[in-house]
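Asker: Mind looking over this structure? Questions follow.
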Amino acid sequence: MFFHSHPYEPFLFPEATKLIVGTLPPPRFTKGELKDDDVDFCYGSRNGQLWPILDKIFSLDLKYETTAFAAQQRKDFLLKHKIGVCDIVASAERDKIDASDLGMQNIKLRNLVGYLKEYEKVETLLFTGGNSKNGPEYFFRKHLKKYKMKLKVVSDIVPRIHEFELSTSLNEFEDHKHISVRKIKTVSLTAPSGAANRAVGSMDLYKKLKNENPDFNTLDFRVMQYRQFFKDSDSI
C-alpha cells in the first residue's frame, strides 16, 4: 500500500480572490522522483495541462523544467492575479501507484472551509474537475456536509457553476457577536488532464467547433473554457 501525501502546502495569501482546487499530484511528486520537464510546484506534472492552458491565455512564456526559476514563474503569476491553490486532498492510500483519482482509498481531506474563513477575500473556487467520484467537486460536497452546508446550482451547463453561503462568527466586542455571511461561487472546469480528453471529445460544443475548424483540439477547448474564469476584469 502506497501512502500518497500531498507534497505541497496550500499556496495561500491574504489578497487571493480565487482558489484552484484539485486533488493530488502524481505519486512521483510525493516520492521526489520528478522528471526533467516536471516543475516542482502545484500542477507541475509534465502530463498536466493547467499551466500550458494558462500559458496560452496569458502569454506567460513559462519554462517547463525542474528549476527554481520555473516554479517562481508560476508563483509570481498567481500572486499577480490573486489566485491561490488549495487542493482538497491531504493524503490517500493506493494499491496501485498511479495518479488515478478513483484509485485513492482512506482519503484525508484538507479543511478547505477553515481556509476560506481565514482568507476572507476568496470569492471563487475553481475545481479542476467535476462531481464524478473522487473529483474535487465530489470531495468538496462531502466536506460541506460536515458544516451542514450544500452547493446551490447557478448554471447546470458545463462548466457547471454553484454557490454557497459561508458564515463566520466575529467576536468584535466582549459581549456582542457579529456574524458575517458571504457567497462563494464554485466552477467545475473540465479537468486539465489527458484522461479527460475522451469526455471533451464527446461534448456537442467541442464537436461543433472541431467540425468548423479541423485544427481545433482538446487543449484549445480548455483554453476557451478557462479564459472566462481566469481572465476577468481583475486580472487583465
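Chain lettering (A, B, ...) mirrors the order of the C-alpha cells, residue numbering begins at 1 for each chain separately, and ligand numbering begins at 1 in order of display.
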Using DSSP on the backbone coordinates, identify all residues within stretch 51-185 of chain A classified as alpha helix (DSSP H); present the result as a PyMOL selection string.

Answerer: chain A and resi 51-58+68-80+112-118+136-146

Asker: Could you write those residues out with N, CA, C and O atoms, as a short mmCIF file (atom, residue, chain, number, x, y, z; two decimals), in the first residue's frame?

Answerer:
```cif
data_model
loop_
_atom_site.label_atom_id
_atom_site.label_comp_id
_atom_site.auth_asym_id
_atom_site.auth_seq_id
_atom_site.Cartn_x
_atom_site.Cartn_y
_atom_site.Cartn_z
N TRP A 51 -0.95 24.44 -16.57
CA TRP A 51 -0.02 25.52 -16.88
C TRP A 51 0.09 25.80 -18.38
O TRP A 51 0.16 26.98 -18.78
N PRO A 52 0.08 24.79 -19.27
CA PRO A 52 0.00 25.11 -20.70
C PRO A 52 -1.24 25.91 -21.08
O PRO A 52 -1.19 26.79 -21.94
N ILE A 53 -2.37 25.62 -20.42
CA ILE A 53 -3.60 26.37 -20.68
C ILE A 53 -3.42 27.83 -20.27
O ILE A 53 -3.69 28.76 -21.04
N LEU A 54 -2.94 28.05 -19.04
CA LEU A 54 -2.75 29.42 -18.55
C LEU A 54 -1.65 30.13 -19.33
O LEU A 54 -1.72 31.35 -19.54
N ASP A 55 -0.66 29.37 -19.77
CA ASP A 55 0.41 29.94 -20.59
C ASP A 55 -0.16 30.54 -21.87
O ASP A 55 0.20 31.65 -22.29
N LYS A 56 -1.09 29.83 -22.49
CA LYS A 56 -1.71 30.32 -23.72
C LYS A 56 -2.63 31.51 -23.46
O LYS A 56 -2.66 32.47 -24.23
N ILE A 57 -3.37 31.45 -22.37
CA ILE A 57 -4.32 32.54 -22.07
C ILE A 57 -3.59 33.84 -21.77
O ILE A 57 -3.99 34.92 -22.24
N PHE A 58 -2.51 33.75 -20.99
CA PHE A 58 -1.83 34.96 -20.52
C PHE A 58 -0.49 35.23 -21.20
O PHE A 58 0.19 36.20 -20.84
N ALA A 68 14.20 26.14 -9.91
CA ALA A 68 13.57 27.12 -9.02
C ALA A 68 12.96 28.25 -9.84
O ALA A 68 11.92 28.81 -9.46
N PHE A 69 13.58 28.57 -10.97
CA PHE A 69 13.07 29.66 -11.82
C PHE A 69 11.68 29.31 -12.35
O PHE A 69 10.77 30.16 -12.34
N ALA A 70 11.51 28.08 -12.83
CA ALA A 70 10.21 27.67 -13.38
C ALA A 70 9.13 27.71 -12.31
O ALA A 70 8.00 28.16 -12.57
N ALA A 71 9.46 27.25 -11.11
CA ALA A 71 8.48 27.29 -10.02
C ALA A 71 8.15 28.73 -9.65
O ALA A 71 6.97 29.07 -9.42
N GLN A 72 9.15 29.61 -9.62
CA GLN A 72 8.93 31.00 -9.26
C GLN A 72 8.07 31.72 -10.29
O GLN A 72 7.26 32.59 -9.94
N GLN A 73 8.24 31.38 -11.57
CA GLN A 73 7.38 31.96 -12.61
C GLN A 73 5.91 31.74 -12.27
O GLN A 73 5.08 32.65 -12.40
N ARG A 74 5.58 30.55 -11.86
CA ARG A 74 4.19 30.20 -11.56
C ARG A 74 3.70 30.91 -10.30
O ARG A 74 2.57 31.40 -10.25
N LYS A 75 4.56 30.99 -9.29
CA LYS A 75 4.18 31.70 -8.06
C LYS A 75 3.95 33.18 -8.35
O LYS A 75 2.99 33.78 -7.84
N ASP A 76 4.82 33.77 -9.15
CA ASP A 76 4.67 35.20 -9.49
C ASP A 76 3.36 35.45 -10.23
O ASP A 76 2.67 36.46 -9.97
N PHE A 77 3.00 34.55 -11.14
CA PHE A 77 1.74 34.69 -11.87
C PHE A 77 0.56 34.65 -10.91
O PHE A 77 -0.35 35.49 -10.97
N LEU A 78 0.56 33.66 -10.01
CA LEU A 78 -0.56 33.51 -9.07
C LEU A 78 -0.70 34.73 -8.17
O LEU A 78 -1.81 35.22 -7.94
N LEU A 79 0.42 35.23 -7.68
CA LEU A 79 0.38 36.41 -6.82
C LEU A 79 -0.15 37.62 -7.58
O LEU A 79 -0.98 38.38 -7.05
N LYS A 80 0.32 37.81 -8.79
CA LYS A 80 -0.10 38.96 -9.59
C LYS A 80 -1.60 38.95 -9.85
O LYS A 80 -2.26 40.00 -9.81
N LEU A 112 -10.88 22.83 3.90
CA LEU A 112 -10.98 23.94 2.97
C LEU A 112 -11.90 25.04 3.50
O LEU A 112 -11.62 26.23 3.31
N VAL A 113 -12.96 24.66 4.20
CA VAL A 113 -13.84 25.67 4.79
C VAL A 113 -13.06 26.52 5.80
O VAL A 113 -13.22 27.74 5.86
N GLY A 114 -12.21 25.88 6.57
CA GLY A 114 -11.38 26.62 7.51
C GLY A 114 -10.49 27.63 6.82
O GLY A 114 -10.34 28.77 7.29
N TYR A 115 -9.89 27.23 5.69
CA TYR A 115 -9.05 28.16 4.94
C TYR A 115 -9.88 29.32 4.38
O TYR A 115 -9.43 30.47 4.37
N LEU A 116 -11.10 29.03 3.95
CA LEU A 116 -11.96 30.08 3.40
C LEU A 116 -12.34 31.10 4.47
O LEU A 116 -12.48 32.29 4.19
N LYS A 117 -12.51 30.62 5.69
CA LYS A 117 -12.82 31.54 6.78
C LYS A 117 -11.61 32.43 7.10
O LYS A 117 -11.75 33.60 7.47
N GLU A 118 -10.42 31.87 6.93
CA GLU A 118 -9.20 32.63 7.23
C GLU A 118 -8.87 33.63 6.13
O GLU A 118 -8.47 34.76 6.40
N PRO A 136 -12.60 16.79 -7.36
CA PRO A 136 -12.57 17.88 -6.39
C PRO A 136 -13.95 18.39 -5.96
O PRO A 136 -14.18 18.66 -4.78
N GLU A 137 -14.90 18.49 -6.90
CA GLU A 137 -16.25 18.93 -6.51
C GLU A 137 -16.91 17.87 -5.64
O GLU A 137 -17.57 18.18 -4.65
N TYR A 138 -16.70 16.62 -5.98
CA TYR A 138 -17.26 15.49 -5.22
C TYR A 138 -16.79 15.57 -3.76
O TYR A 138 -17.59 15.46 -2.82
N PHE A 139 -15.49 15.75 -3.57
CA PHE A 139 -14.95 15.83 -2.21
C PHE A 139 -15.43 17.09 -1.48
O PHE A 139 -15.69 17.06 -0.28
N PHE A 140 -15.54 18.19 -2.21
CA PHE A 140 -15.97 19.43 -1.56
C PHE A 140 -17.41 19.31 -1.07
O PHE A 140 -17.75 19.82 0.00
N ARG A 141 -18.25 18.65 -1.84
CA ARG A 141 -19.63 18.43 -1.39
C ARG A 141 -19.66 17.63 -0.09
O ARG A 141 -20.41 17.93 0.84
N LYS A 142 -18.81 16.60 -0.02
CA LYS A 142 -18.73 15.82 1.22
C LYS A 142 -18.23 16.69 2.37
O LYS A 142 -18.72 16.59 3.51
N HIS A 143 -17.26 17.51 2.09
CA HIS A 143 -16.68 18.40 3.09
C HIS A 143 -17.73 19.38 3.63
O HIS A 143 -17.82 19.61 4.83
N LEU A 144 -18.55 19.94 2.73
CA LEU A 144 -19.57 20.89 3.15
C LEU A 144 -20.61 20.26 4.07
O LEU A 144 -21.17 20.92 4.96
N LYS A 145 -20.89 18.97 3.85
CA LYS A 145 -21.89 18.29 4.68
C LYS A 145 -21.52 18.33 6.15
O LYS A 145 -22.38 18.38 7.03
N LYS A 146 -20.22 18.30 6.44
CA LYS A 146 -19.76 18.34 7.84
C LYS A 146 -20.19 19.65 8.50
O LYS A 146 -20.37 19.71 9.71
#
```

Asker: So that I can see what lies close to stretch 29-38 of chain A, please list as a PyMOL selection string the residues with an atom at most 10 Å from it, counting only C-alpha atoms and leaving out residues fewer than 4 positions away in the same chain.

Answerer: chain A and resi 3-8+24-25+42-48+63-67+70-71

Asker: With N, CA and C atoms retained, write the just-selected residues as a PDB file, in the first residue's frame.

Answerer:
```
ATOM      1  N   PHE A   3       1.404   5.204   0.549  1.00  0.00           N
ATOM      2  CA  PHE A   3       0.824   6.358   1.213  1.00  0.00           C
ATOM      3  C   PHE A   3       1.112   7.595   0.359  1.00  0.00           C
ATOM      4  N   HIS A   4       0.057   8.138  -0.226  1.00  0.00           N
ATOM      5  CA  HIS A   4       0.182   9.252  -1.176  1.00  0.00           C
ATOM      6  C   HIS A   4      -0.187  10.551  -0.461  1.00  0.00           C
ATOM      7  N   SER A   5       0.802  11.248   0.030  1.00  0.00           N
ATOM      8  CA  SER A   5       0.547  12.517   0.713  1.00  0.00           C
ATOM      9  C   SER A   5       0.805  13.676  -0.232  1.00  0.00           C
ATOM     10  N   HIS A   6       0.107  14.772  -0.008  1.00  0.00           N
ATOM     11  CA  HIS A   6       0.294  15.940  -0.865  1.00  0.00           C
ATOM     12  C   HIS A   6       1.644  16.574  -0.535  1.00  0.00           C
ATOM     13  N   PRO A   7       2.509  16.771  -1.534  1.00  0.00           N
ATOM     14  CA  PRO A   7       3.853  17.287  -1.265  1.00  0.00           C
ATOM     15  C   PRO A   7       3.923  18.802  -1.068  1.00  0.00           C
ATOM     16  N   TYR A   8       2.828  19.510  -1.369  1.00  0.00           N
ATOM     17  CA  TYR A   8       2.852  20.971  -1.284  1.00  0.00           C
ATOM     18  C   TYR A   8       1.805  21.490  -0.302  1.00  0.00           C
ATOM     19  N   LEU A  24      -4.704  15.469  -5.917  1.00  0.00           N
ATOM     20  CA  LEU A  24      -3.302  15.184  -5.603  1.00  0.00           C
ATOM     21  C   LEU A  24      -2.478  15.175  -6.881  1.00  0.00           C
ATOM     22  N   PRO A  25      -1.216  15.601  -6.814  1.00  0.00           N
ATOM     23  CA  PRO A  25      -0.324  15.441  -7.962  1.00  0.00           C
ATOM     24  C   PRO A  25       0.085  13.978  -8.101  1.00  0.00           C
ATOM     25  N   CYS A  42       2.852  23.133  -7.607  1.00  0.00           N
ATOM     26  CA  CYS A  42       1.488  22.669  -7.848  1.00  0.00           C
ATOM     27  C   CYS A  42       1.199  22.575  -9.347  1.00  0.00           C
ATOM     28  N   TYR A  43       0.605  21.459  -9.758  1.00  0.00           N
ATOM     29  CA  TYR A  43       0.225  21.201 -11.152  1.00  0.00           C
ATOM     30  C   TYR A  43       1.431  21.198 -12.084  1.00  0.00           C
ATOM     31  N   GLY A  44       2.597  20.796 -11.549  1.00  0.00           N
ATOM     32  CA  GLY A  44       3.826  20.834 -12.328  1.00  0.00           C
ATOM     33  C   GLY A  44       4.106  19.606 -13.156  1.00  0.00           C
ATOM     34  N   SER A  45       3.204  18.625 -13.171  1.00  0.00           N
ATOM     35  CA  SER A  45       3.449  17.404 -13.940  1.00  0.00           C
ATOM     36  C   SER A  45       3.600  17.695 -15.430  1.00  0.00           C
ATOM     37  N   ARG A  46       4.554  17.055 -16.046  1.00  0.00           N
ATOM     38  CA  ARG A  46       4.773  17.186 -17.490  1.00  0.00           C
ATOM     39  C   ARG A  46       3.536  16.765 -18.288  1.00  0.00           C
ATOM     40  N   ASN A  47       2.688  15.920 -17.689  1.00  0.00           N
ATOM     41  CA  ASN A  47       1.495  15.424 -18.369  1.00  0.00           C
ATOM     42  C   ASN A  47       0.271  16.291 -18.118  1.00  0.00           C
ATOM     43  N   GLY A  48       0.363  17.214 -17.156  1.00  0.00           N
ATOM     44  CA  GLY A  48      -0.776  18.073 -16.834  1.00  0.00           C
ATOM     45  C   GLY A  48      -0.903  19.229 -17.822  1.00  0.00           C
ATOM     46  N   LYS A  63       8.682  28.294 -18.423  1.00  0.00           N
ATOM     47  CA  LYS A  63       9.653  27.227 -18.588  1.00  0.00           C
ATOM     48  C   LYS A  63       9.052  25.944 -18.032  1.00  0.00           C
ATOM     49  N   TYR A  64       9.326  24.831 -18.696  1.00  0.00           N
ATOM     50  CA  TYR A  64       8.843  23.530 -18.250  1.00  0.00           C
ATOM     51  C   TYR A  64      10.062  22.685 -17.913  1.00  0.00           C
ATOM     52  N   GLU A  65      10.540  22.867 -16.690  1.00  0.00           N
ATOM     53  CA  GLU A  65      11.771  22.231 -16.255  1.00  0.00           C
ATOM     54  C   GLU A  65      11.787  22.215 -14.721  1.00  0.00           C
ATOM     55  N   THR A  66      12.599  21.334 -14.161  1.00  0.00           N
ATOM     56  CA  THR A  66      12.667  21.215 -12.705  1.00  0.00           C
ATOM     57  C   THR A  66      13.711  22.196 -12.168  1.00  0.00           C
ATOM     58  N   THR A  67      13.348  23.476 -12.192  1.00  0.00           N
ATOM     59  CA  THR A  67      14.243  24.517 -11.687  1.00  0.00           C
ATOM     60  C   THR A  67      13.464  25.448 -10.760  1.00  0.00           C
ATOM     61  N   ALA A  70      11.508  28.085 -12.834  1.00  0.00           N
ATOM     62  CA  ALA A  70      10.214  27.674 -13.385  1.00  0.00           C
ATOM     63  C   ALA A  70       9.129  27.713 -12.313  1.00  0.00           C
ATOM     64  N   ALA A  71       9.456  27.252 -11.107  1.00  0.00           N
ATOM     65  CA  ALA A  71       8.478  27.295 -10.015  1.00  0.00           C
ATOM     66  C   ALA A  71       8.148  28.732  -9.650  1.00  0.00           C
TER      67      ALA A  71
END
```

Asker: With a distance cut-off of 7 Å and only C-alpha atoms, select the neighbouring residues of A:Cys86, excluding the residue or stretch itself and same-chain residues fewer than 2 positions from it, and output the selection as a VMD selection string.

Answerer: chain A and resid 10 to 11 19 to 21 84 88

Asker: With only C-alpha atoms as the atoms that count, which of A:Ala16, A:Leu126, A:Leu50, A:Leu60 lies nearest to A:Leu219?

Answerer: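 The answer is A:Leu50, which sits nearest to A:Leu219.
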
Asker: A:Lys152: which residues within 8 Å, counting only C-alpha atoms, same-chain residues fewer than 6 positions away excluded, as a compact mmCIF listing (two decimals) with C-alpha atoms, in the first residue's frame?

Answerer:
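Below you can see result_0.txt, which holds the result:
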```
# COMPACT_ATOMS: atom_id res chain seq x y z
CA HIS A 162 -22.68 26.59 -8.00
CA GLU A 163 -22.61 28.84 -4.97
CA PHE A 164 -22.86 28.50 -1.20
```

Asker: Of the candidates A:Thr124, A:Thr218, A:Ser59, A:Thr168, which one gets nearest to A:Gly201 if we count only C-alpha atoms?

Answerer: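 Checking each of A:Thr124, A:Thr218, A:Ser59, A:Thr168 against A:Gly201, counting only C-alpha atoms, the winner is A:Thr218.
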
Asker: How far is it from atom CA of A:Leu102 to atom CA of A:Lys133, in Å with one decimal?

Answerer: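 Between atom CA of A:Leu102 and atom CA of A:Lys133 the gap is 6.8 Å.
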
Asker: Could you tell me which of A:Ile107, A:His81, A:Lys148, A:Asp101 comes closest to A:Ser132 if we count only C-alpha atoms?

Answerer: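 Residue with the minimum atom-to-atom distance to A:Ser132: A:Asp101.
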
Asker: Could you find all residues in stretch 1-227 of chain A that DSSP calls strand (DSSP E or B) from the backbone, and write them as a ChimeraX atom specification?

Answerer: /A:2-5,11,18-21,83-85,89-94,105-109,124-127,152-155,160-173,176-188

Asker: Let me make sure I understand: among A:Asn111, A:Glu120, A:Ser188, A:Phe221, which one has the smallest atom-to-atom distance to A:Leu166 if we use only C-alpha atoms?

Answerer: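 So, comparing all the options, the nearest one is A:Glu120.
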
Asker: When you look at A:Asp87 with a cut-off of 6 Å (counting only C-alpha atoms), what residues show up, excluding the ones that are within fewer than 2 positions of it in the same chain? I need them as a list in words.

Answerer: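 The filter keeps Val21, Gly22, Thr23 and Val89 of chain A.
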
Asker: What is the atom CA of A:Thr190-atom CA of A:Asp40 distance in Å, reported with one decimal?

Answerer: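 Rounded to one decimal, the two atoms are 23.4 Å apart.
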
Asker: Interatomic distance between atom CA of A:Ile184 and atom CA of A:Glu165?

Answerer: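 We find that atom CA of A:Ile184 and atom CA of A:Glu165 lie 6.3 Å from each other.
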
Asker: Return the single residue from A:Gln228, A:Asn134, A:Ser202, A:Thr17 that is closest to A:Lys121, with distances computed using only C-alpha atoms.

Answerer: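 Closest candidate: A:Thr17.
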